[in-house]
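Worksheet for the structure shown next.
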Amino acid sequence: MAVKRKPKRAPPRLRAKSSRKESARSKPANQTTRAGAPKKNSNCPIVGIGGSAGGFEAAMQLLRHLPPKTGMAFVIVQHLDPHHGSRLANLLSKATSMPVTEIAGTTTPKPNSVYVQPPNKCVIAKNGKLTLVRRTERLNIAIDHFFESLAEEHGSRAIGIVLSGTGSDGTAGLRAIKAAGGLTFAQTEESAKFDAMPRSAIRSGFVDLVLPPDAMAHEIQRIADHPYIRRPLADAEQVEKDLYRQTDDLGRIFLSLKKQMGVDFSAYKQSTLIRRVNRRMALHRIEKLSQYARYLRNNKKEIEALFDDLLINVTRFFRDEALFRVLKKRFLPALLKNKKKERQRELRVWVPGCASGEEVYSLAICILEVLGNELSKIRVQIFGTDLSESVIEHARAGIYPSAIEKDVSKARLNRFFVKRDGFYQIHRNVRDICTFARQNITADPPFSRLDLISCRNVLIYLSPELHKRCIPQFHYALNLGGYLILGPAESVGLYDELFKLVDKKNKIYTKEAKTGPRATDFIPQRALEPSRFGTTARAGTGANFNADILKMADRIILSTYAPAAVVIDHNFLVQQFRGRTDLFLEHSPGPATLNLIQLARPNLVPDLRAIIRRAIKTDKPARADRLKVTLRGKNYEINIQVVPVKVPGTDKSLFLVIFDETTSGNKRERLLRVLGKASAQNEVTDLRRELAASKDSLQTIIEEHEATNEELKAANEEIESSNEELQSTNEELETAKEELQSTNEELTTLNEELSNRNLEMMQLTNELNNLLASTQMPIVMVDNALTVRRATPAARNAFNILPTDIGRPLSELRPNINVSDLENILREVIETLETRERKVTDKEGCHYSLRVRPYRTADDKIDGAVITVVDIDGGRESDGVKTGRRTKDASSRQ
């Protein structure tokens with residue numbers, strides 16, 4: 001019995017441990033960026049296929065080229081009419097030998113099978129099964145629903161495909177799959193019958209491969225056998241650990257990223273980095289890390305793609321509604337109340353890791369709603385920063401798919417968004433208070449004088465080493481009493497003396513009045529070394545201990561005695577800060593900037609600009625001495641030197657701007673003046689030196705001004721020339737417009753004439769039809785080809801003509817009168833223009849007079865002949881032939 005009990009007790013403990021581990025992973029995924037931890041209950045990779053208009057044909061083509069045994073399950077989510085049944089499963093089964101089934105209730109997906117969503121339902125992946133839920137949204141976003149559930153359930157083993165369709169359904173779902181480590185595809189716009197859905201997905205930047213359906217099938221077949229897709233989920237963590245041990249190859253990969261993208265990922269969270277690298281290897285069907293490191297070496301596009309993959313995250317508008325409710329109800333009103341008491345009423349907010357801007361705009365909307373009509377009384381400025389330039393551009397555009405309707409209320413959509421072509425664009429009054437910029441929070445200096453920082457689910461990607469750097473930066477950047485918002489799985493860690501937790505549920509902290517980091521603590525981290533990634537210092541190792549002391553001593557000496565400096569490019573943009581620059585530089589109110597001229601103190605700007613321009617022009621060091629700076633009532637003299645620096649391996653040049661405070665000279669001169677030993681000659685020399693420097697500066701400014709004037713004159717001439725051309729074009733357009741109006745009037749008149757003519761023709765046609773119907777004489781009209789053009793009702797009996805015979809050759813008819821050479825008579829009349837008359841008899845022996853005359857048009861042209869038959873037997877009706885016999889002959893002719 002004891003042997004039997006142990007297995008019964010062991011699984012609950014294992015399940016509890018696994019549950020806790022998965023809970024830690026899946027919770028951030030539900031909130032935001034962390035979507036990469038799949039659950040352990042999925043059996044096979046699942047390919048989600050979404051389509052709308054034109055998606056059926058694309059799905060047929062995709063299935064037709066897929067092999068029957070890929071080891072994957074395929075789930076097709078198609079926009080269908082909710083009020084009618086669907087035969088989609090039956091139709092798709094004709095394109096593949098795999099079983100195609102319409103999902104009913106709860107279904108366990110099996111490999112090498114195809115599943116189809118039924119009408120008026122949404123399918124989601126949950127607990128290893130496909131489950132149907134009722135469609136409740138006013139907008140059909142069934143594809144997004146399924147893709148998002150697939151990302152949460154299957155993680156890296158999920159594959160999403162967007163096919164032809166209208167709207168933008170599927171875009172948000174692909175983003176979730178890619179963030180979870182899955183693979184994403186979209187149909188090419190050229191091959192799609194309706195390209196709105198694939199175009200929306202492609203432009204979002206969350207599509208790995210853009211292919212037509214047949215090529216997509218071949219790519220899926222190649223990827224199906226890759227270990228990233230095929231390996232059991234239970235082995236995924238062990239594989240990640242094995243990859244992490246390959247420190248040399250990982251170091252080369254991150255060194256390539258550092259060189260091209262300028263970002264050191266060595267201190268980021270290891271599991272996330274390795275998972276993203278493994279995903280890129282699967283896309284290129286590379287199985288060894290060393291091969292991928294070599295592939296990256298000379299492939300700039302792949303380095304950029306890996307960089308974007310490492311930074312991808314999932315966010316949405318008003319993520320975690322409870323947080324935004326408490327912000328609106330409690331914290332934002334408190335901040336705004338305090339701002340009303342200050343002389344400079346300005347509310348400053350920072351969102352690090354803002355991704356595509358949803359959280360920035362969500363905060364902006366909340367602030368505008370709280371301010372109401374008092375917006376003009378307080379200046380609001382919200383900074384959104386991220387490492388990826390592509391997502392920053394997306395955030396600046398402020399354009400989002402219609403799927404945001406599930407996160408944003410209808411009232412907010414109407415007030416804060418503008419709908420265009422099926423997309424929503426943020427309103428101008430919201431966009432104007434938001435500023436977006438590229439920034440690395442682990443290396444770049446933070447913003448200052450902030451009232452609120454929202455850094456949710458960013459720290460979970462960073463190592464504890466970077467936590468120790470970021471948390472003090474947030475403390476430095478916040479005003480006293482300002483708020484810091486972190487994600488559900490994040491905390492301030494060891495820095496609880498800097499922050500006080502004021503809302504445990506929503507992880508909102510307030511800044512405590514404790515001494516934070518100095519500005520010198522914000523100098524950038526050292527460059528990446530390949531051996532640095534994955535190495536761990538061992539306790540008690542003397543060499544490492546001495547090295548750490550040496551580095552600490554070097555840092556203290558550099559920060560204490562080395563002059564302050566900045567590194568700039570040709571556009572005066574600061575690339576790096578060195579030492580304490582607060583004496584020379586300061587952030588001015590307004591939009592964030594790294595332009596050195598805008599950061600410099602006002603009385604330094606003219607000389608600083610002149611020195612930098614001189615160094616750029618000559619490509620040699622330039623220097624200015626004994627410049628005056630006044631700060632907090634004290635006067636300082638500084639020297640500025642600009643040194644050109646060549647970037648190794650490139651043709652690019654940077655410039656090191658060094659600020660050197662001449663404090664010793666100031667002290668010596670003040671001492672000489674106090675003792676009465678400073679001579680007037682020294683003062684004159686100083687004044688002459690300052691005057692000469694001012695003249696040089698003025699001369700430089702004059703030259704720049706003259707050059708600028710010349711450029712403005714040239715630009716003005718070009719503008720005037722363009723203006724003349726535009727005026728000429730405008731006159732031509734006006735003339736063309738008048739001509740079009742005249743032509744339109746003529747066409748209107750002509751149209752009225754044609755309408756009147758049509759009415760007249762209709763009237764004449766009616767009169768002619770009535771005349772022929774009332775005439776009891778057989779009359780047949782033929783054209784030059786001797787085909788029947790028109791016949792009276794009486795002629796239908798004599799010539800055996802039915803209404804359907806109009807347009808048939810007369811020779812094909814069997815008339816009831818005996819005229820053997822009728823065709824010859826007709827041709828003779830048409831050629832000679834003479835009337836012919838002949839006596840003829842019918843089959844009963846009755847006599848008639850057959851008369852043939854030319855058919856003349858209004859312009860006296862011959863266009864056929866007219867045949868008339870007159871009964872010359874007394875007392876007989878002109879129709880002559882009995883109806884019964886006509887019917888019999890007609891039926892026999894048919």
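Letters for chains follow the order of the structure tokens (A, B, ...), residue numbers begin at 1 for each chain, and ligand numbers begin at 1 in the order shown.
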Using only C-alpha atoms, which residues of segment 358-462 of chain A come within 9 Å of segment 320-342 of chain A, and what is the closest atom pair for each, with the distance in Å to one decimal? Give it as CSV, sorted by chain and residue number.
residue,atom,partner,partner_atom,distance
A:Ser362,CA,A:Phe324,CA,8.5
A:Leu363,CA,A:Phe324,CA,7.9
A:Cys366,CA,A:Lys328,CA,6.4
A:Ile367,CA,A:Leu332,CA,7.1
A:Glu369,CA,A:Lys328,CA,8.3
A:Val370,CA,A:Lys328,CA,6.5
A:Leu371,CA,A:Leu336,CA,8.1
A:Lys377,CA,A:Lys340,CA,8.4
A:Ile378,CA,A:Lys339,CA,7.7
A:Asp451,CA,A:Leu335,CA,7.5
A:Leu452,CA,A:Leu335,CA,8.9
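Close contacts of segment 279-287 of chain A, defined as residues with an atom at most 7 Å away when counting only C-alpha atoms, with chain neighbours fewer than 6 positions off set aside, comprise Gly181, Ile223, His226, Tyr228 and Leu306 of chain A.
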Would you save the residues of that selection, restricted to all heavy atoms, as a PDB file, in the first residue's frame?
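Generated output (selection-v8.pdb):
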ATOM      1  N   GLY A 181       5.931  34.348 -29.204  1.00  0.00           N
ATOM      2  CA  GLY A 181       6.979  33.528 -29.776  1.00  0.00           C
ATOM      3  C   GLY A 181       6.540  32.699 -30.948  1.00  0.00           C
ATOM      4  O   GLY A 181       7.316  31.916 -31.497  1.00  0.00           O
ATOM      5  N   ILE A 223       8.801  24.440 -42.186  1.00  0.00           N
ATOM      6  CA  ILE A 223       8.932  24.811 -40.774  1.00  0.00           C
ATOM      7  C   ILE A 223       8.428  23.708 -39.860  1.00  0.00           C
ATOM      8  O   ILE A 223       8.862  23.588 -38.715  1.00  0.00           O
ATOM      9  CB  ILE A 223       8.157  26.130 -40.515  1.00  0.00           C
ATOM     10  CG1 ILE A 223       8.859  27.291 -41.235  1.00  0.00           C
ATOM     11  CG2 ILE A 223       8.045  26.430 -39.033  1.00  0.00           C
ATOM     12  CD1 ILE A 223       8.113  28.588 -41.146  1.00  0.00           C
ATOM     13  N   HIS A 226      10.946  21.719 -37.818  1.00  0.00           N
ATOM     14  CA  HIS A 226      11.974  22.400 -37.036  1.00  0.00           C
ATOM     15  C   HIS A 226      11.775  22.107 -35.546  1.00  0.00           C
ATOM     16  O   HIS A 226      10.639  22.068 -35.057  1.00  0.00           O
ATOM     17  CB  HIS A 226      11.915  23.909 -37.277  1.00  0.00           C
ATOM     18  CG  HIS A 226      13.128  24.638 -36.784  1.00  0.00           C
ATOM     19  ND1 HIS A 226      13.271  25.019 -35.469  1.00  0.00           N
ATOM     20  CD2 HIS A 226      14.257  25.044 -37.421  1.00  0.00           C
ATOM     21  CE1 HIS A 226      14.426  25.642 -35.312  1.00  0.00           C
ATOM     22  NE2 HIS A 226      15.041  25.664 -36.478  1.00  0.00           N
ATOM     23  N   TYR A 228      11.994  23.910 -33.020  1.00  0.00           N
ATOM     24  CA  TYR A 228      11.260  24.972 -32.311  1.00  0.00           C
ATOM     25  C   TYR A 228       9.754  24.709 -32.316  1.00  0.00           C
ATOM     26  O   TYR A 228       9.056  25.024 -31.347  1.00  0.00           O
ATOM     27  CB  TYR A 228      11.555  26.309 -32.979  1.00  0.00           C
ATOM     28  CG  TYR A 228      10.938  27.501 -32.291  1.00  0.00           C
ATOM     29  CD1 TYR A 228      11.464  27.984 -31.094  1.00  0.00           C
ATOM     30  CD2 TYR A 228       9.845  28.160 -32.838  1.00  0.00           C
ATOM     31  CE1 TYR A 228      10.915  29.083 -30.462  1.00  0.00           C
ATOM     32  CE2 TYR A 228       9.280  29.262 -32.221  1.00  0.00           C
ATOM     33  CZ  TYR A 228       9.817  29.711 -31.030  1.00  0.00           C
ATOM     34  OH  TYR A 228       9.264  30.802 -30.410  1.00  0.00           O
ATOM     35  N   LEU A 306      15.674  40.848 -35.818  1.00  0.00           N
ATOM     36  CA  LEU A 306      15.897  40.295 -34.481  1.00  0.00           C
ATOM     37  C   LEU A 306      15.735  41.388 -33.431  1.00  0.00           C
ATOM     38  O   LEU A 306      15.153  41.149 -32.353  1.00  0.00           O
ATOM     39  CB  LEU A 306      17.291  39.673 -34.402  1.00  0.00           C
ATOM     40  CG  LEU A 306      17.718  39.143 -33.027  1.00  0.00           C
ATOM     41  CD1 LEU A 306      16.763  38.065 -32.554  1.00  0.00           C
ATOM     42  CD2 LEU A 306      19.147  38.614 -33.074  1.00  0.00           C
TER      43      LEU A 306
END
Within 10 Å of Ser463 of chain A, counting only C-alpha atoms, which residues show up once you throw out same-chain ones fewer than 6 positions away? Write them as a CSV table (one decimal) with C-alpha atoms, in the first residue's frame, please.
chain,number,residue,atom,x,y,z
A,266,SER,CA,23.5,41.3,-22.5
A,267,ALA,CA,21.8,42.4,-19.2
A,268,TYR,CA,18.3,41.7,-20.4
A,269,LYS,CA,16.3,38.8,-19.2
A,270,GLN,CA,18.0,35.6,-20.5
Hey, what does DSSP flag as helix (DSSP H, G or I) within segment 279-525 of chain A? Can you give it to me as a ChimeraX atom specification?
/A:279-283,289-297,300-311,321-341,358-377,389-397,402-406,410-416,428-431,459-461,464-477,519-522
Using only C-alpha atoms, which protein or nucleic acid residues come within 8 Å of Ile508 of chain A? Drop anything in the same chain fewer than 6 positions from it, and give the result as a ChimeraX atom specification.
/A:483-486,501-502
Selected residue, from A:Ala707, A:Ala622, A:Ile719, A:Val391, that lies nearest to Asn639 of chain A when counting only C-alpha atoms:
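Between A:Ala707, A:Ala622, A:Ile719, A:Val391, the residue approaching Asn639 of chain A most closely is A:Ala622.
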Find the residues around Ile830 of chain A up to 9 Å (only C-alpha atoms counted), leave out those fewer than 4 positions away in its own chain, and share them as a list in words.
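The contact residues come out as Asn784, Ile825, Leu826, Glu834, Arg853, Pro854, Tyr855, Ile862, Asp863, Gly864 and Ala865 of chain A.
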Go ahead and save the picked residues with N, CA and C atoms, as a PDB file, in the first residue's frame.
ATOM      1  N   ASN A 784     -32.770  43.669 -97.119  1.00  0.00           N
ATOM      2  CA  ASN A 784     -32.038  43.318 -98.336  1.00  0.00           C
ATOM      3  C   ASN A 784     -31.565  41.870 -98.331  1.00  0.00           C
ATOM      4  N   ILE A 825     -38.537  37.167-107.192  1.00  0.00           N
ATOM      5  CA  ILE A 825     -39.332  38.392-107.360  1.00  0.00           C
ATOM      6  C   ILE A 825     -38.819  39.475-106.410  1.00  0.00           C
ATOM      7  N   LEU A 826     -38.546  39.087-105.175  1.00  0.00           N
ATOM      8  CA  LEU A 826     -38.078  40.069-104.185  1.00  0.00           C
ATOM      9  C   LEU A 826     -36.742  40.674-104.604  1.00  0.00           C
ATOM     10  N   GLU A 834     -38.748  48.449-109.222  1.00  0.00           N
ATOM     11  CA  GLU A 834     -40.069  48.427-109.850  1.00  0.00           C
ATOM     12  C   GLU A 834     -40.991  47.502-109.063  1.00  0.00           C
ATOM     13  N   ARG A 853     -43.350  45.594-103.614  1.00  0.00           N
ATOM     14  CA  ARG A 853     -42.833  46.916-103.927  1.00  0.00           C
ATOM     15  C   ARG A 853     -41.583  47.195-103.077  1.00  0.00           C
ATOM     16  N   PRO A 854     -40.688  48.114-103.554  1.00  0.00           N
ATOM     17  CA  PRO A 854     -39.458  48.399-102.767  1.00  0.00           C
ATOM     18  C   PRO A 854     -39.774  49.051-101.412  1.00  0.00           C
ATOM     19  N   TYR A 855     -38.901  48.789-100.424  1.00  0.00           N
ATOM     20  CA  TYR A 855     -38.990  49.404 -99.083  1.00  0.00           C
ATOM     21  C   TYR A 855     -38.054  50.605 -99.083  1.00  0.00           C
ATOM     22  N   ILE A 862     -33.116  52.270-100.625  1.00  0.00           N
ATOM     23  CA  ILE A 862     -33.819  50.998-100.691  1.00  0.00           C
ATOM     24  C   ILE A 862     -33.229  50.070 -99.632  1.00  0.00           C
ATOM     25  N   ASP A 863     -34.083  49.612 -98.724  1.00  0.00           N
ATOM     26  CA  ASP A 863     -33.620  48.766 -97.622  1.00  0.00           C
ATOM     27  C   ASP A 863     -34.512  47.539 -97.488  1.00  0.00           C
ATOM     28  N   GLY A 864     -34.835  46.915 -98.654  1.00  0.00           N
ATOM     29  CA  GLY A 864     -35.646  45.718 -98.621  1.00  0.00           C
ATOM     30  C   GLY A 864     -36.873  45.834 -99.509  1.00  0.00           C
ATOM     31  N   ALA A 865     -37.942  45.035 -99.160  1.00  0.00           N
ATOM     32  CA  ALA A 865     -39.171  45.034 -99.957  1.00  0.00           C
ATOM     33  C   ALA A 865     -40.371  44.808 -99.061  1.00  0.00           C
TER      34      ALA A 865
END
Give the answer as one residue: which of A:Leu347, A:Leu813, A:Ala615, A:Leu712 has the shortest atom-to-atom distance to Pro589 of chain A, using only C-alpha atoms?
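Counting only C-alpha atoms, the residue closest to Pro589 of chain A is A:Leu347.
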Do you know which residues are at most 12 Å from Lys511 of chain A counting only C-alpha atoms, after dropping those on the same chain fewer than 5 positions away, and could you put them as a list of chain:residue names?
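So, after excluding close chain neighbours, the residues are A:Leu450, A:Asp451, A:Leu452, A:Ile453, A:Ile471, A:Pro472, A:Gln473, A:Phe474, A:His475, A:Tyr476, A:Ala477, A:Leu478, A:Asn479, A:Leu480, A:Gly481, A:Gly482, A:Tyr483, A:Leu484, A:Ile485, A:Val492, A:Tyr495, A:Asp496, A:Glu497, A:Leu498, A:Phe499, A:Lys500, A:Leu501, A:Val502, A:Gly516.
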Restrict the selected residues to N, CA, C and O atoms and save them as a compact mmCIF listing (two decimals), in the first residue's frame.
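Once everything was written out, this is selection37.txt:
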# COMPACT_ATOMS: atom_id res chain seq x y z
N LEU A 450 9.02 65.11 -13.30
CA LEU A 450 7.84 64.35 -13.71
C LEU A 450 6.88 64.18 -12.55
O LEU A 450 7.28 64.13 -11.38
N ASP A 451 5.62 64.08 -12.88
CA ASP A 451 4.58 63.86 -11.87
C ASP A 451 4.08 62.42 -11.86
O ASP A 451 3.53 61.96 -10.86
N LEU A 452 4.25 61.73 -12.98
CA LEU A 452 3.74 60.36 -13.07
C LEU A 452 4.61 59.58 -14.06
O LEU A 452 4.92 60.07 -15.15
N ILE A 453 5.02 58.38 -13.65
CA ILE A 453 5.74 57.46 -14.53
C ILE A 453 4.96 56.16 -14.58
O ILE A 453 4.68 55.56 -13.54
N ILE A 471 15.32 51.80 -11.22
CA ILE A 471 14.49 52.27 -10.11
C ILE A 471 15.02 53.60 -9.54
O ILE A 471 14.26 54.55 -9.35
N PRO A 472 16.35 53.72 -9.26
CA PRO A 472 16.84 55.03 -8.79
C PRO A 472 16.65 56.14 -9.83
O PRO A 472 16.44 57.30 -9.46
N GLN A 473 16.72 55.81 -11.11
CA GLN A 473 16.47 56.83 -12.14
C GLN A 473 15.04 57.35 -12.05
O GLN A 473 14.80 58.56 -12.18
N PHE A 474 14.10 56.44 -11.82
CA PHE A 474 12.71 56.87 -11.70
C PHE A 474 12.54 57.80 -10.48
O PHE A 474 11.80 58.79 -10.55
N HIS A 475 13.25 57.47 -9.40
CA HIS A 475 13.18 58.32 -8.20
C HIS A 475 13.74 59.71 -8.50
O HIS A 475 13.19 60.73 -8.09
N TYR A 476 14.85 59.74 -9.20
CA TYR A 476 15.47 61.02 -9.57
C TYR A 476 14.55 61.85 -10.47
O TYR A 476 14.46 63.07 -10.34
N ALA A 477 13.85 61.18 -11.40
CA ALA A 477 13.05 61.90 -12.39
C ALA A 477 11.75 62.45 -11.82
O ALA A 477 11.22 63.44 -12.33
N LEU A 478 11.22 61.84 -10.76
CA LEU A 478 9.92 62.24 -10.23
C LEU A 478 10.03 63.43 -9.29
O LEU A 478 11.02 63.59 -8.58
N ASN A 479 8.99 64.27 -9.33
CA ASN A 479 8.85 65.30 -8.31
C ASN A 479 8.48 64.63 -6.99
O ASN A 479 7.99 63.50 -6.96
N LEU A 480 8.69 65.34 -5.91
CA LEU A 480 8.31 64.83 -4.60
C LEU A 480 6.79 64.64 -4.58
O LEU A 480 6.03 65.55 -4.91
N GLY A 481 6.37 63.44 -4.22
CA GLY A 481 4.94 63.13 -4.23
C GLY A 481 4.44 62.59 -5.56
O GLY A 481 3.26 62.27 -5.70
N GLY A 482 5.35 62.49 -6.54
CA GLY A 482 4.96 61.92 -7.82
C GLY A 482 4.73 60.42 -7.73
O GLY A 482 5.15 59.76 -6.77
N TYR A 483 4.03 59.86 -8.74
CA TYR A 483 3.62 58.46 -8.69
C TYR A 483 4.39 57.62 -9.71
O TYR A 483 4.66 58.06 -10.83
N LEU A 484 4.71 56.38 -9.31
CA LEU A 484 5.32 55.39 -10.17
C LEU A 484 4.38 54.20 -10.25
O LEU A 484 3.98 53.64 -9.22
N ILE A 485 4.02 53.80 -11.49
CA ILE A 485 3.13 52.66 -11.71
C ILE A 485 3.94 51.53 -12.33
O ILE A 485 4.58 51.72 -13.37
N VAL A 492 9.55 47.57 -6.65
CA VAL A 492 10.76 48.40 -6.55
C VAL A 492 11.91 47.62 -5.90
O VAL A 492 13.03 48.14 -5.83
N TYR A 495 14.63 48.94 -3.20
CA TYR A 495 14.57 50.40 -3.09
C TYR A 495 13.24 50.85 -2.46
O TYR A 495 12.68 51.87 -2.84
N ASP A 496 12.76 50.08 -1.47
CA ASP A 496 11.51 50.47 -0.82
C ASP A 496 11.67 51.72 0.04
O ASP A 496 10.68 52.32 0.46
N GLU A 497 12.95 52.11 0.32
CA GLU A 497 13.13 53.36 1.07
C GLU A 497 12.96 54.58 0.17
O GLU A 497 12.76 55.69 0.67
N LEU A 498 13.00 54.38 -1.16
CA LEU A 498 12.80 55.50 -2.09
C LEU A 498 11.35 55.68 -2.47
O LEU A 498 10.95 56.78 -2.87
N PHE A 499 10.56 54.61 -2.37
CA PHE A 499 9.17 54.66 -2.78
C PHE A 499 8.27 54.04 -1.72
O PHE A 499 8.66 53.08 -1.05
N LYS A 500 7.08 54.58 -1.63
CA LYS A 500 6.07 54.05 -0.70
C LYS A 500 4.91 53.49 -1.50
O LYS A 500 4.38 54.16 -2.39
N LEU A 501 4.51 52.27 -1.18
CA LEU A 501 3.40 51.63 -1.90
C LEU A 501 2.08 52.22 -1.39
O LEU A 501 1.73 52.09 -0.22
N VAL A 502 1.33 52.88 -2.29
CA VAL A 502 0.06 53.52 -1.89
C VAL A 502 -1.15 52.78 -2.44
O VAL A 502 -2.27 53.04 -2.01
N GLY A 516 18.18 60.43 -3.59
CA GLY A 516 18.24 59.52 -4.73
C GLY A 516 19.62 59.56 -5.36
O GLY A 516 20.58 60.06 -4.79
Would you mind listing what lies within 6 Å of segment 393-410 of chain A as a list in words, with only C-alpha atoms counted and same-chain residues fewer than 5 positions away left out?
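Once the adjacent positions are removed, what remains is Ser168, Phe317, Ser356, Gly357, Phe423, Tyr424, Gln425 and Ile426 of chain A.
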From the options A:Ala736, A:Ala179, A:Ile702, A:Val77, which residue's atoms come nearest to Leu132 of chain A, counting only C-alpha atoms?
A:Val77
Going by DSSP on the backbone, which residues of segment 115-217 of chain A come out as strand (DSSP E)? List them as a PyMOL selection string.
chain A and resi 115-116+121-126+129-134+158-162+183-187+209-211
One number please: atom CA of Ser774 of chain A to atom CA of Pro803 of chain A, in Å, one decimal.
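The value is 16.6 Å.
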